[in-house]
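Here is my_file_6.cif, consisting of mmCIF, C-alpha atoms and all ligand atoms:
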```cif
data_coords
#
loop_
_atom_site.group_PDB
_atom_site.id
_atom_site.type_symbol
_atom_site.label_atom_id
_atom_site.label_comp_id
_atom_site.auth_asym_id
_atom_site.auth_seq_id
_atom_site.Cartn_x
_atom_site.Cartn_y
_atom_site.Cartn_z
ATOM 1 C CA MET A 383 105.679 76.972 98.711
ATOM 2 C CA PHE A 384 107.425 80.171 99.821
ATOM 3 C CA GLY A 385 107.608 81.635 96.311
ATOM 4 C CA ASP A 386 106.461 85.087 97.433
ATOM 5 C CA LEU A 387 109.643 85.518 99.497
ATOM 6 C CA LYS A 388 111.726 86.137 96.382
ATOM 7 C CA GLY A 389 112.978 89.735 96.479
ATOM 8 C CA ARG A 390 111.482 90.388 99.938
ATOM 9 C CA ARG A 391 113.676 92.533 102.170
ATOM 10 C CA VAL A 392 114.289 90.711 105.468
ATOM 11 C CA LEU A 393 116.233 92.025 108.465
ATOM 12 C CA VAL A 394 117.280 89.379 111.016
ATOM 13 C CA THR A 395 118.860 90.716 114.218
ATOM 14 C CA GLY A 396 121.478 88.600 116.003
ATOM 15 C CA SER A 397 122.076 86.335 113.040
ATOM 16 C CA THR A 398 125.789 85.608 112.739
ATOM 17 C CA GLN A 399 125.337 82.135 114.211
ATOM 18 C CA GLY A 400 122.779 79.679 115.584
ATOM 19 C CA ILE A 401 119.052 80.061 114.949
ATOM 20 C CA GLY A 402 119.461 83.482 113.300
ATOM 21 C CA LEU A 403 122.101 82.334 110.821
ATOM 22 C CA ALA A 404 119.973 79.320 109.825
ATOM 23 C CA ALA A 405 117.097 81.743 109.178
ATOM 24 C CA VAL A 406 119.319 83.993 107.036
ATOM 25 C CA GLU A 407 120.360 80.983 104.980
ATOM 26 C CA ALA A 408 116.756 79.801 104.524
ATOM 27 C CA PHE A 409 115.648 83.244 103.297
ATOM 28 C CA ALA A 410 118.640 83.485 100.948
ATOM 29 C CA ARG A 411 117.703 80.079 99.478
ATOM 30 C CA HIS A 412 114.261 81.524 98.727
ATOM 31 C CA GLY A 413 115.644 84.566 96.916
ATOM 32 C CA ALA A 414 115.205 87.162 99.668
ATOM 33 C CA LEU A 415 117.400 90.214 100.293
ATOM 34 C CA VAL A 416 118.668 89.646 103.809
ATOM 35 C CA GLY A 417 120.379 91.742 106.475
ATOM 36 C CA MET A 418 122.570 89.617 108.745
ATOM 37 C CA ASN A 419 123.363 91.356 112.039
ATOM 38 C CA GLY A 420 125.631 90.860 115.019
ATOM 39 C CA ARG A 421 127.487 93.116 117.412
ATOM 40 C CA LYS A 422 130.683 92.630 115.466
ATOM 41 C CA ALA A 423 131.887 90.741 112.437
ATOM 42 C CA PRO A 424 132.526 87.051 113.144
ATOM 43 C CA ALA A 425 135.986 85.705 112.257
ATOM 44 C CA ASP A 426 134.638 83.745 109.276
ATOM 45 C CA LEU A 427 132.485 86.596 107.892
ATOM 46 C CA ASP A 428 133.946 86.644 104.369
ATOM 47 C CA ALA A 429 133.570 82.890 103.900
ATOM 48 C CA THR A 430 130.038 82.925 105.343
ATOM 49 C CA LEU A 431 128.943 85.780 103.077
ATOM 50 C CA ALA A 432 130.531 84.117 100.044
ATOM 51 C CA ARG A 433 128.641 80.878 100.808
ATOM 52 C CA LEU A 434 125.322 82.654 101.437
ATOM 53 C CA ASN A 435 125.623 84.840 98.369
ATOM 54 C CA GLU A 436 125.925 81.775 96.160
ATOM 55 C CA LEU A 437 122.300 80.978 97.019
ATOM 56 C CA ASP A 438 119.370 82.675 95.267
ATOM 57 C CA GLY A 439 119.169 85.879 97.324
ATOM 58 C CA GLU A 440 121.512 88.568 98.548
ATOM 59 C CA VAL A 441 122.970 88.801 102.055
ATOM 60 C CA ALA A 442 124.680 91.839 103.616
ATOM 61 C CA PHE A 443 126.300 92.012 107.050
ATOM 62 C CA LEU A 444 125.205 95.015 109.126
ATOM 63 C CA PRO A 445 126.958 95.294 112.511
ATOM 64 C CA ALA A 446 125.073 96.863 115.439
ATOM 65 C CA ASP A 447 124.522 96.191 119.130
ATOM 66 C CA VAL A 448 120.719 96.149 119.184
ATOM 67 C CA SER A 449 120.578 96.385 122.976
ATOM 68 C CA SER A 450 121.367 100.085 122.425
ATOM 69 C CA SER A 451 118.453 102.116 121.064
ATOM 70 C CA ALA A 452 120.772 104.400 119.081
ATOM 71 C CA GLU A 453 122.378 101.402 117.390
ATOM 72 C CA ALA A 454 118.968 99.837 116.738
ATOM 73 C CA ALA A 455 118.002 103.019 114.870
ATOM 74 C CA ARG A 456 121.297 102.970 112.972
ATOM 75 C CA LEU A 457 120.778 99.321 111.968
ATOM 76 C CA VAL A 458 117.345 100.032 110.503
ATOM 77 C CA GLU A 459 118.759 103.046 108.627
ATOM 78 C CA ALA A 460 121.673 101.007 107.244
ATOM 79 C CA PHE A 461 119.348 98.208 106.111
ATOM 80 C CA VAL A 462 116.981 100.645 104.362
ATOM 81 C CA GLU A 463 119.912 102.406 102.724
ATOM 82 C CA ARG A 464 121.117 99.062 101.381
ATOM 83 C CA PHE A 465 117.823 97.488 100.281
ATOM 84 C CA GLY A 466 115.407 100.432 99.938
ATOM 85 C CA GLY A 467 112.857 99.357 102.576
ATOM 86 C CA ILE A 468 111.837 96.565 104.990
ATOM 87 C CA ASP A 469 109.193 93.912 104.351
ATOM 88 C CA VAL A 470 110.039 91.460 107.144
ATOM 89 C CA LEU A 471 111.709 92.052 110.509
ATOM 90 C CA ILE A 472 112.894 89.173 112.671
ATOM 91 C CA ASN A 473 113.854 90.187 116.204
ATOM 92 C CA ASN A 474 116.107 87.239 116.959
ATOM 93 C CA ALA A 475 118.934 88.784 119.026
ATOM 94 C CA GLY A 476 118.706 87.546 122.594
ATOM 95 C CA GLY A 477 120.409 85.474 125.219
ATOM 96 C CA LEU A 478 120.955 84.767 128.889
ATOM 97 C CA VAL A 479 123.876 87.232 129.365
ATOM 98 C CA ALA A 480 124.741 85.072 132.395
ATOM 99 C CA ARG A 481 122.979 82.843 134.883
ATOM 100 C CA LYS A 482 122.294 84.677 138.145
ATOM 101 C CA PRO A 483 119.946 83.613 140.926
ATOM 102 C CA LEU A 484 117.662 86.255 142.442
ATOM 103 C CA GLU A 485 120.080 87.025 145.294
ATOM 104 C CA GLU A 486 122.776 88.079 142.792
ATOM 105 C CA ILE A 487 120.734 90.261 140.450
ATOM 106 C CA ASP A 488 121.807 93.905 140.513
ATOM 107 C CA ASP A 489 120.748 96.895 138.396
ATOM 108 C CA ASP A 490 123.463 96.370 135.793
ATOM 109 C CA PHE A 491 122.463 92.744 135.238
ATOM 110 C CA PHE A 492 118.772 93.640 135.123
ATOM 111 C CA ASP A 493 119.514 96.272 132.463
ATOM 112 C CA ALA A 494 121.767 93.978 130.434
ATOM 113 C CA VAL A 495 119.197 91.151 130.212
ATOM 114 C CA THR A 496 116.194 93.348 129.553
ATOM 115 C CA ASP A 497 118.071 95.587 127.081
ATOM 116 C CA LEU A 498 119.201 92.583 125.040
ATOM 117 C CA ASN A 499 115.930 90.635 125.071
ATOM 118 C CA ALA A 500 113.156 93.233 125.392
ATOM 119 C CA ARG A 501 114.361 96.765 124.621
ATOM 120 C CA SER A 502 116.150 95.576 121.461
ATOM 121 C CA ALA A 503 113.017 94.029 119.936
ATOM 122 C CA LEU A 504 110.854 96.999 120.848
ATOM 123 C CA MET A 505 113.266 99.629 119.523
ATOM 124 C CA VAL A 506 114.146 97.843 116.275
ATOM 125 C CA THR A 507 110.418 97.344 115.655
ATOM 126 C CA LYS A 508 109.691 100.986 116.473
ATOM 127 C CA TYR A 509 112.312 102.260 114.027
ATOM 128 C CA ALA A 510 111.235 99.751 111.370
ATOM 129 C CA LEU A 511 107.529 100.638 111.690
ATOM 130 C CA PRO A 512 107.334 103.424 109.043
ATOM 131 C CA HIS A 513 109.145 101.175 106.550
ATOM 132 C CA LEU A 514 106.888 98.216 107.315
ATOM 133 C CA LYS A 515 103.832 100.439 106.772
ATOM 134 C CA ASP A 516 105.278 101.571 103.427
ATOM 135 C CA SER A 517 105.917 97.949 102.481
ATOM 136 C CA ALA A 518 102.307 96.928 103.188
ATOM 137 C CA ARG A 519 100.930 99.936 101.355
ATOM 138 C CA GLN A 520 103.123 99.465 98.305
ATOM 139 C CA SER A 521 102.769 95.686 98.027
ATOM 140 C CA GLY A 522 99.064 95.514 98.809
ATOM 141 C CA THR A 523 99.840 92.531 101.067
ATOM 142 C CA THR A 524 101.140 92.440 104.658
ATOM 143 C CA ALA A 525 104.500 93.189 106.216
ATOM 144 C CA SER A 526 105.626 90.802 108.939
ATOM 145 C CA VAL A 527 107.349 91.214 112.295
ATOM 146 C CA ILE A 528 108.525 88.029 113.983
ATOM 147 C CA LEU A 529 109.670 87.936 117.594
ATOM 148 C CA VAL A 530 111.756 85.117 119.021
ATOM 149 C CA GLY A 531 110.342 84.018 122.343
ATOM 150 C CA SER A 532 111.282 80.943 124.337
ATOM 151 C CA VAL A 533 109.918 77.981 126.230
ATOM 152 C CA ALA A 534 111.354 79.898 129.208
ATOM 153 C CA GLY A 535 108.689 82.545 128.558
ATOM 154 C CA TYR A 536 106.128 79.969 129.765
ATOM 155 C CA THR A 537 108.098 78.013 132.355
ATOM 156 C CA GLY A 538 110.050 80.864 133.974
ATOM 157 C CA GLY A 539 113.438 79.530 132.847
ATOM 158 C CA GLY A 540 116.053 77.256 134.384
ATOM 159 C CA PRO A 541 118.583 78.019 137.127
ATOM 160 C CA GLY A 542 119.604 81.689 137.107
ATOM 161 C CA ALA A 543 117.462 82.411 134.024
ATOM 162 C CA GLY A 544 114.446 84.057 135.676
ATOM 163 C CA LEU A 545 115.010 87.503 134.171
ATOM 164 C CA TYR A 546 115.618 85.984 130.745
ATOM 165 C CA GLY A 547 112.389 83.954 130.966
ATOM 166 C CA ALA A 548 110.472 87.033 132.098
ATOM 167 C CA ALA A 549 111.859 89.097 129.202
ATOM 168 C CA LYS A 550 110.721 86.402 126.768
ATOM 169 C CA ALA A 551 107.239 86.328 128.378
ATOM 170 C CA TRP A 552 107.207 90.116 127.909
ATOM 171 C CA LEU A 553 107.766 89.566 124.167
ATOM 172 C CA HIS A 554 104.993 86.945 124.013
ATOM 173 C CA ASN A 555 102.743 89.568 125.569
ATOM 174 C CA ILE A 556 103.694 92.863 123.930
ATOM 175 C CA GLN A 557 102.968 91.624 120.423
ATOM 176 C CA LYS A 558 99.284 91.476 121.409
ATOM 177 C CA ASN A 559 99.288 95.259 121.853
ATOM 178 C CA TRP A 560 101.078 95.733 118.543
ATOM 179 C CA VAL A 561 98.527 93.515 116.792
ATOM 180 C CA THR A 562 95.655 95.503 118.278
ATOM 181 C CA PHE A 563 97.050 98.848 117.164
ATOM 182 C CA HIS A 564 98.950 98.054 113.965
ATOM 183 C CA ALA A 565 96.895 95.451 112.108
ATOM 184 C CA LYS A 566 95.315 98.458 110.390
ATOM 185 C CA ASP A 567 98.781 99.322 109.014
ATOM 186 C CA GLY A 568 98.982 95.975 107.246
ATOM 187 C CA ILE A 569 101.594 94.585 109.639
ATOM 188 C CA ARG A 570 101.362 91.111 111.196
ATOM 189 C CA PHE A 571 103.176 90.226 114.438
ATOM 190 C CA ASN A 572 103.929 86.643 115.410
ATOM 191 C CA THR A 573 106.351 84.876 117.724
ATOM 192 C CA VAL A 574 108.493 81.823 117.108
ATOM 193 C CA SER A 575 109.136 80.228 120.491
ATOM 194 C CA PRO A 576 112.026 77.730 120.446
ATOM 195 C CA GLY A 577 112.464 74.973 123.004
ATOM 196 C CA THR A 578 116.044 73.809 123.516
ATOM 197 C CA PHE A 579 118.259 74.190 120.446
ATOM 198 C CA ASP A 580 121.850 73.091 120.071
ATOM 199 C CA THR A 581 123.607 76.451 119.666
ATOM 200 C CA ALA A 582 126.221 78.528 121.491
ATOM 201 C CA PHE A 583 123.385 79.385 123.888
ATOM 202 C CA HIS A 584 124.151 75.993 125.521
ATOM 203 C CA ALA A 585 127.949 76.268 125.312
ATOM 204 C CA ASP A 586 128.063 75.755 129.096
ATOM 205 C CA LYS A 587 126.951 72.103 128.660
ATOM 206 C CA ASP A 588 129.026 69.176 127.387
ATOM 207 C CA ALA A 589 127.691 66.603 124.906
ATOM 208 C CA ASP A 590 126.689 64.116 127.639
ATOM 209 C CA THR A 591 124.731 66.759 129.526
ATOM 210 C CA LYS A 592 122.937 67.817 126.340
ATOM 211 C CA ALA A 593 122.099 64.183 125.543
ATOM 212 C CA ARG A 594 120.749 63.636 129.068
ATOM 213 C CA ILE A 595 118.609 66.791 128.976
ATOM 214 C CA GLY A 596 117.407 66.036 125.434
ATOM 215 C CA ALA A 597 116.379 62.504 126.451
ATOM 216 C CA GLY A 598 113.804 64.087 128.751
ATOM 217 C CA PHE A 599 111.929 65.672 125.832
ATOM 218 C CA PRO A 600 109.260 63.684 123.929
ATOM 219 C CA MET A 601 111.387 63.864 120.754
ATOM 220 C CA GLY A 602 114.447 62.780 122.733
ATOM 221 C CA ARG A 603 116.948 65.450 121.669
ATOM 222 C CA PHE A 604 117.764 69.144 121.269
ATOM 223 C CA GLY A 605 116.515 70.945 118.161
ATOM 224 C CA ARG A 606 118.814 71.936 115.314
ATOM 225 C CA PRO A 607 118.803 75.577 114.091
ATOM 226 C CA GLU A 608 117.720 74.574 110.576
ATOM 227 C CA GLU A 609 114.620 72.963 112.134
ATOM 228 C CA CYS A 610 113.476 76.384 113.355
ATOM 229 C CA ALA A 611 114.113 78.247 110.091
ATOM 230 C CA PRO A 612 110.962 77.144 108.185
ATOM 231 C CA THR A 613 108.745 78.712 110.859
ATOM 232 C CA PHE A 614 110.292 82.106 110.047
ATOM 233 C CA LEU A 615 109.642 81.539 106.333
ATOM 234 C CA PHE A 616 106.032 80.668 107.146
ATOM 235 C CA PHE A 617 105.341 83.824 109.174
ATOM 236 C CA ALA A 618 107.225 85.973 106.638
ATOM 237 C CA SER A 619 105.234 84.671 103.675
ATOM 238 C CA HIS A 620 101.955 86.509 103.089
ATOM 239 C CA ALA A 621 100.805 83.633 100.892
ATOM 240 C CA CYS A 622 101.245 81.178 103.796
ATOM 241 C CA SER A 623 100.221 83.251 106.808
ATOM 242 C CA GLY A 624 98.521 86.422 105.517
ATOM 243 C CA TYR A 625 95.587 85.928 107.940
ATOM 244 C CA ILE A 626 97.716 84.851 110.928
ATOM 245 C CA THR A 627 98.727 87.448 113.486
ATOM 246 C CA GLY A 628 99.275 87.600 117.242
ATOM 247 C CA GLN A 629 100.232 83.939 117.507
ATOM 248 C CA VAL A 630 103.053 82.049 119.197
ATOM 249 C CA LEU A 631 104.388 79.014 117.350
ATOM 250 C CA ASP A 632 106.232 76.602 119.634
ATOM 251 C CA VAL A 633 109.117 74.746 118.031
ATOM 252 C CA ASN A 634 110.203 72.472 120.821
ATOM 253 C CA GLY A 635 109.953 68.743 120.082
ATOM 254 C CA GLY A 636 107.100 68.477 122.581
ATOM 255 C CA GLN A 637 109.219 69.809 125.460
ATOM 256 C CA TYR A 638 106.376 72.059 126.579
ATOM 257 C CA MET A 639 102.769 72.036 125.418
ATOM 258 C CA PRO A 640 101.034 75.262 126.433
HETATM 259 P P1 LIG B 1 123.354 82.222 119.766
HETATM 260 O O1 LIG B 1 124.044 82.691 120.994
HETATM 261 O O2 LIG B 1 123.927 81.096 118.980
HETATM 262 O O3 LIG B 1 123.158 83.443 118.753
HETATM 263 C C1 LIG B 1 122.841 84.712 119.209
HETATM 264 C C2 LIG B 1 123.091 85.712 118.105
HETATM 265 O O4 LIG B 1 122.758 87.010 118.600
HETATM 266 C C3 LIG B 1 124.530 85.808 117.639
HETATM 267 O O5 LIG B 1 124.553 86.001 116.243
HETATM 268 C C4 LIG B 1 125.055 87.056 118.354
HETATM 269 O O6 LIG B 1 126.090 87.676 117.621
HETATM 270 C C5 LIG B 1 123.827 87.909 118.362
HETATM 271 N N1 LIG B 1 123.801 88.924 119.397
HETATM 272 C C6 LIG B 1 123.961 88.755 120.734
HETATM 273 N N2 LIG B 1 123.866 89.936 121.354
HETATM 274 C C7 LIG B 1 123.626 90.859 120.398
HETATM 275 C C8 LIG B 1 123.429 92.259 120.403
HETATM 276 N N3 LIG B 1 123.455 92.958 121.544
HETATM 277 N N4 LIG B 1 123.215 92.894 119.231
HETATM 278 C C9 LIG B 1 123.196 92.209 118.059
HETATM 279 N N5 LIG B 1 123.362 90.882 117.996
HETATM 280 C C10 LIG B 1 123.582 90.220 119.148
HETATM 281 O O7 LIG B 1 121.884 81.909 120.239
HETATM 282 P P2 LIG B 1 120.645 81.139 119.575
HETATM 283 O O8 LIG B 1 120.429 79.919 120.363
HETATM 284 O O9 LIG B 1 120.785 81.056 118.111
HETATM 285 O O10 LIG B 1 119.492 82.163 119.986
HETATM 286 C C11 LIG B 1 118.764 82.924 119.060
HETATM 287 C C12 LIG B 1 117.485 83.374 119.732
HETATM 288 O O11 LIG B 1 116.722 82.229 120.116
HETATM 289 C C13 LIG B 1 117.690 84.194 120.999
HETATM 290 O O12 LIG B 1 116.712 85.206 121.089
HETATM 291 C C14 LIG B 1 117.469 83.171 122.096
HETATM 292 O O13 LIG B 1 117.065 83.773 123.308
HETATM 293 C C15 LIG B 1 116.374 82.336 121.477
HETATM 294 N N6 LIG B 1 116.221 81.007 122.061
HETATM 295 C C16 LIG B 1 117.232 80.099 121.972
HETATM 296 C C17 LIG B 1 117.036 78.843 122.545
HETATM 297 C C18 LIG B 1 118.093 77.765 122.498
HETATM 298 O O14 LIG B 1 117.909 76.735 123.164
HETATM 299 N N7 LIG B 1 119.176 77.928 121.745
HETATM 300 C C19 LIG B 1 115.839 78.551 123.184
HETATM 301 C C20 LIG B 1 114.828 79.491 123.235
HETATM 302 C C21 LIG B 1 115.036 80.729 122.654
#
```

So, in terms of C-alpha cells, how does the structure I just supplied come out?
Ligand code: NAD
Amino acid sequence: MFGDLKGRRVLVTGSTQGIGLAAVEAFARHGALVGMNGRKAPADLDATLARLNELDGEVAFLPADVSSSAEAARLVEAFVERFGGIDVLINNAGGLVARKPLEEIDDDFFDAVTDLNARSALMVTKYALPHLKDSARQSGTTASVILVGSVAGYTGGGPGAGLYGAAKAWLHNIQKNWVTFHAKDGIRFNTVSPGTFDTAFHADKDADTKARIGAGFPMGRFGRPEECAPTFLFFASHACSGYITGQVLDVNGGQYMP
C-alpha cells in the first residue's frame, strides 16, 4: 500500500522515543531513508539504530535542539548532507515543558513552550523548503510536510497546559497559509492530531490514573504510538494522499470529534 515510500528521504524531528520513534520505525519498514532526531543521543542509541537498520530502510541519528532556529537550520543541513535531499518532513518535536497555570506563566516559560512547539516547526519547515521544492520538481510528484498537532489544539488543554494547547492550535492554523502559498511548489501540508497516547508525555500519571482517564474515551484507553504511525505513512505517500492538503487527521479513539 505504501510502496512509493521506498527510498524516500524522511526527516522526523523529536523521534528518539514515543510517537516519533514509532513513525521512524514504520518508515524504515517501508524502505525509507530516515533521520531520527532528538536533543541528545538516548542511552540505548546504538541498540535502537541496530534494530532499526535491520528493517528495509536506513536510519541515521541527527542530534539537534529544534527549539533553536540555528540548530533547526543545522539539522536540515546535516540531513541533506547525509541523504542528498528531503522528500518528507515530519515536525513531531513538542511537549508541555511543564504545567503552569496562567498566574505562573512568565516570559521564560512562554518562550520555552512556544519555541518548542511552534517556532521549531516553522523554522525546520522554512529551512527544508528549498529541498522540498527540489524534491517535488525532480520526482514529478509532491513533497509532504506533516505537523503534529493535538486534541489540546481544539480543547485548550488540561490543567496548566493552556500555552501548549494554544501552540498546537497555532500549528493547526498556520498550515493553511502554507497550503495557500506553497501548493504551487508541489508541497502538501497536513497535520496529524493525536488524542492521548501512552508515552513519556504522560510520565506524571501512574497506571491507575491512565486507566481511569482512558476509560472516559469512547475507545476506553490511551492510544499506542504504533497506532499513530500509519497516519504519517498515509500523508507521506503521494500515491495515498497526493490530492490531500491542508487537513487535520484526528487520531484519538473518539476522545474529541471536531
Ligand atoms: P515524548 O516526550 O515521548 O517524545 C518527544 C520527543 O521529542 C523525544 O524524542 C524528545 O527527545 C524530543 N524532543 C523534545 N524536545 C526536543 C527539542 N527541543 N529538539 C529536538 N527533539 C526534542 O512525546 P510524544 O508523546 O511521543 O509526543 C510527540 C508529539 O506528539 C509531540 O509534538 C506532542 O506534543 C504530540 N502529542 C502527544 C500526545 C500524547 O498524548 N502523547 C497528545 C497530543 C500530541

Would you translate the PyMOL selection byres (((chain A and resi 521) around 12) and not hetatm) into the concrete set of residues it matches in this file, as a compact mmCIF listing (two decimals) with C-alpha atoms, in the coordinates of the input?
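Dumped to out.txt:
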```
# COMPACT_ATOMS: atom_id res chain seq x y z
CA ASP A 386 106.46 85.09 97.43
CA GLY A 389 112.98 89.74 96.48
CA ARG A 390 111.48 90.39 99.94
CA GLY A 467 112.86 99.36 102.58
CA ILE A 468 111.84 96.56 104.99
CA ASP A 469 109.19 93.91 104.35
CA HIS A 513 109.14 101.18 106.55
CA LEU A 514 106.89 98.22 107.32
CA LYS A 515 103.83 100.44 106.77
CA ASP A 516 105.28 101.57 103.43
CA SER A 517 105.92 97.95 102.48
CA ALA A 518 102.31 96.93 103.19
CA ARG A 519 100.93 99.94 101.36
CA GLN A 520 103.12 99.46 98.30
CA GLY A 522 99.06 95.51 98.81
CA THR A 523 99.84 92.53 101.07
CA THR A 524 101.14 92.44 104.66
CA ALA A 525 104.50 93.19 106.22
CA GLY A 568 98.98 95.98 107.25
CA ILE A 569 101.59 94.58 109.64
CA HIS A 620 101.96 86.51 103.09
```

- In Å and to one decimal, CA of Pro600 in chain A is distant from atom O14 of ligand LIG 1 (chain B) by 15.7 Å

Residues matched by the PyMOL selection byres (((chain A and resi 545) around 12) and not hetatm), written as a PDB file with C-alpha atoms, keeping the file's coordinate frame:
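Once written, part.pdb looks like this:
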```
ATOM      1  CA  GLY A 477     120.409  85.474 125.219  1.00  0.00           C
ATOM      2  CA  LEU A 478     120.955  84.767 128.889  1.00  0.00           C
ATOM      3  CA  VAL A 479     123.876  87.232 129.365  1.00  0.00           C
ATOM      4  CA  ALA A 480     124.741  85.072 132.395  1.00  0.00           C
ATOM      5  CA  ARG A 481     122.979  82.843 134.883  1.00  0.00           C
ATOM      6  CA  LYS A 482     122.294  84.677 138.145  1.00  0.00           C
ATOM      7  CA  PRO A 483     119.946  83.613 140.926  1.00  0.00           C
ATOM      8  CA  LEU A 484     117.662  86.255 142.442  1.00  0.00           C
ATOM      9  CA  GLU A 486     122.776  88.079 142.792  1.00  0.00           C
ATOM     10  CA  ILE A 487     120.734  90.261 140.450  1.00  0.00           C
ATOM     11  CA  ASP A 488     121.807  93.905 140.513  1.00  0.00           C
ATOM     12  CA  ASP A 489     120.748  96.895 138.396  1.00  0.00           C
ATOM     13  CA  PHE A 491     122.463  92.744 135.238  1.00  0.00           C
ATOM     14  CA  PHE A 492     118.772  93.640 135.123  1.00  0.00           C
ATOM     15  CA  ASP A 493     119.514  96.272 132.463  1.00  0.00           C
ATOM     16  CA  ALA A 494     121.767  93.978 130.434  1.00  0.00           C
ATOM     17  CA  VAL A 495     119.197  91.151 130.212  1.00  0.00           C
ATOM     18  CA  THR A 496     116.194  93.348 129.553  1.00  0.00           C
ATOM     19  CA  ASP A 497     118.071  95.587 127.081  1.00  0.00           C
ATOM     20  CA  LEU A 498     119.201  92.583 125.040  1.00  0.00           C
ATOM     21  CA  ASN A 499     115.930  90.635 125.071  1.00  0.00           C
ATOM     22  CA  ALA A 500     113.156  93.233 125.392  1.00  0.00           C
ATOM     23  CA  ALA A 534     111.354  79.898 129.208  1.00  0.00           C
ATOM     24  CA  GLY A 535     108.689  82.545 128.558  1.00  0.00           C
ATOM     25  CA  THR A 537     108.098  78.013 132.355  1.00  0.00           C
ATOM     26  CA  GLY A 538     110.050  80.864 133.974  1.00  0.00           C
ATOM     27  CA  GLY A 539     113.438  79.530 132.847  1.00  0.00           C
ATOM     28  CA  GLY A 540     116.053  77.256 134.384  1.00  0.00           C
ATOM     29  CA  PRO A 541     118.583  78.019 137.127  1.00  0.00           C
ATOM     30  CA  GLY A 542     119.604  81.689 137.107  1.00  0.00           C
ATOM     31  CA  ALA A 543     117.462  82.411 134.024  1.00  0.00           C
ATOM     32  CA  GLY A 544     114.446  84.057 135.676  1.00  0.00           C
ATOM     33  CA  TYR A 546     115.618  85.984 130.745  1.00  0.00           C
ATOM     34  CA  GLY A 547     112.389  83.954 130.966  1.00  0.00           C
ATOM     35  CA  ALA A 548     110.472  87.033 132.098  1.00  0.00           C
ATOM     36  CA  ALA A 549     111.859  89.097 129.202  1.00  0.00           C
ATOM     37  CA  LYS A 550     110.721  86.402 126.768  1.00  0.00           C
ATOM     38  CA  ALA A 551     107.239  86.328 128.378  1.00  0.00           C
ATOM     39  CA  TRP A 552     107.207  90.116 127.909  1.00  0.00           C
TER      40      TRP A 552
END
```

- Within 8 Å of ligand LIG 1 (chain B), counting only C-alpha atoms and all ligand atoms, which protein or nucleic acid residues do you find, written as a ChimeraX atom specification? /A:395-403,419-422,424,445-450,473-478,498-499,502,530-534,546,550,575-584,604-605,607

- Name the residues captured by the PyMOL selection byres (((chain A and resi 410) around 12) and not hetatm) when it is applied to the shown file; answer as a ChimeraX atom specification. /A:384,387-394,403-409,411-418,431-442,611,615

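CA of Leu511 in chain A is found 12.7 Å from CA of Ile472 in chain A.
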
- Proximity to Ala510 in chain A - best of A:Ala455, A:Ala565, A:Ile595, A:Ala460, only C-alpha atoms: A:Ala455

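Of note, CA of Glu453 in chain A and CA of Phe617 in chain A are spaced 25.8 Å apart.
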
Report, as AutoDock Vina command-line options, the centre and edge lengths in Å (one decimal) of the axis-aligned box enclosing every listed atom of range 530-546 of chain A, padded by 8 Å on each side.
```
--center_x 112.9 --center_y 82.4 --center_z 128.1 --size_x 29.5 --size_y 26.2 --size_z 34.1
```

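Among the candidates A:Asn572, A:Asp588, A:Ala503, A:Lys566, the one nearest to Leu631 in chain A when counting only C-alpha atoms is A:Asn572.
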
- Message: Neighbouring residues of Thr573 in chain A were defined as those with any atom within 6 Å, considering only C-alpha atoms; residues of the same chain fewer than 3 positions away were excluded. Please report them as a list in words.
- Response: Ile528, Leu529, Val530 and Val630 of chain A

- Nearest candidate to Thr591 in chain A (options A:Val458, A:Pro640, A:Val506, A:Arg603; using all atoms listed in the file): A:Arg603

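Closest approach to Leu504 in chain A among A:Ala618, A:Cys610, A:Val470, A:Ala454 is made by A:Ala454 (distances from all atoms listed in the file).
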
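Distances to Gly385 in chain A were evaluated for A:Phe614, A:Phe599, A:Ser619, A:Gln637 using all atoms listed in the file, and the minimum falls at A:Ser619.
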
- Message: With only C-alpha atoms as the counted atoms, please give the residues lying no more than 7 Å from Val561 in chain A, apart from itself and same-chain residues fewer than 4 positions off, as a VMD selection string.
- Response: chain A and resid 557 565 570 to 571 627 to 628
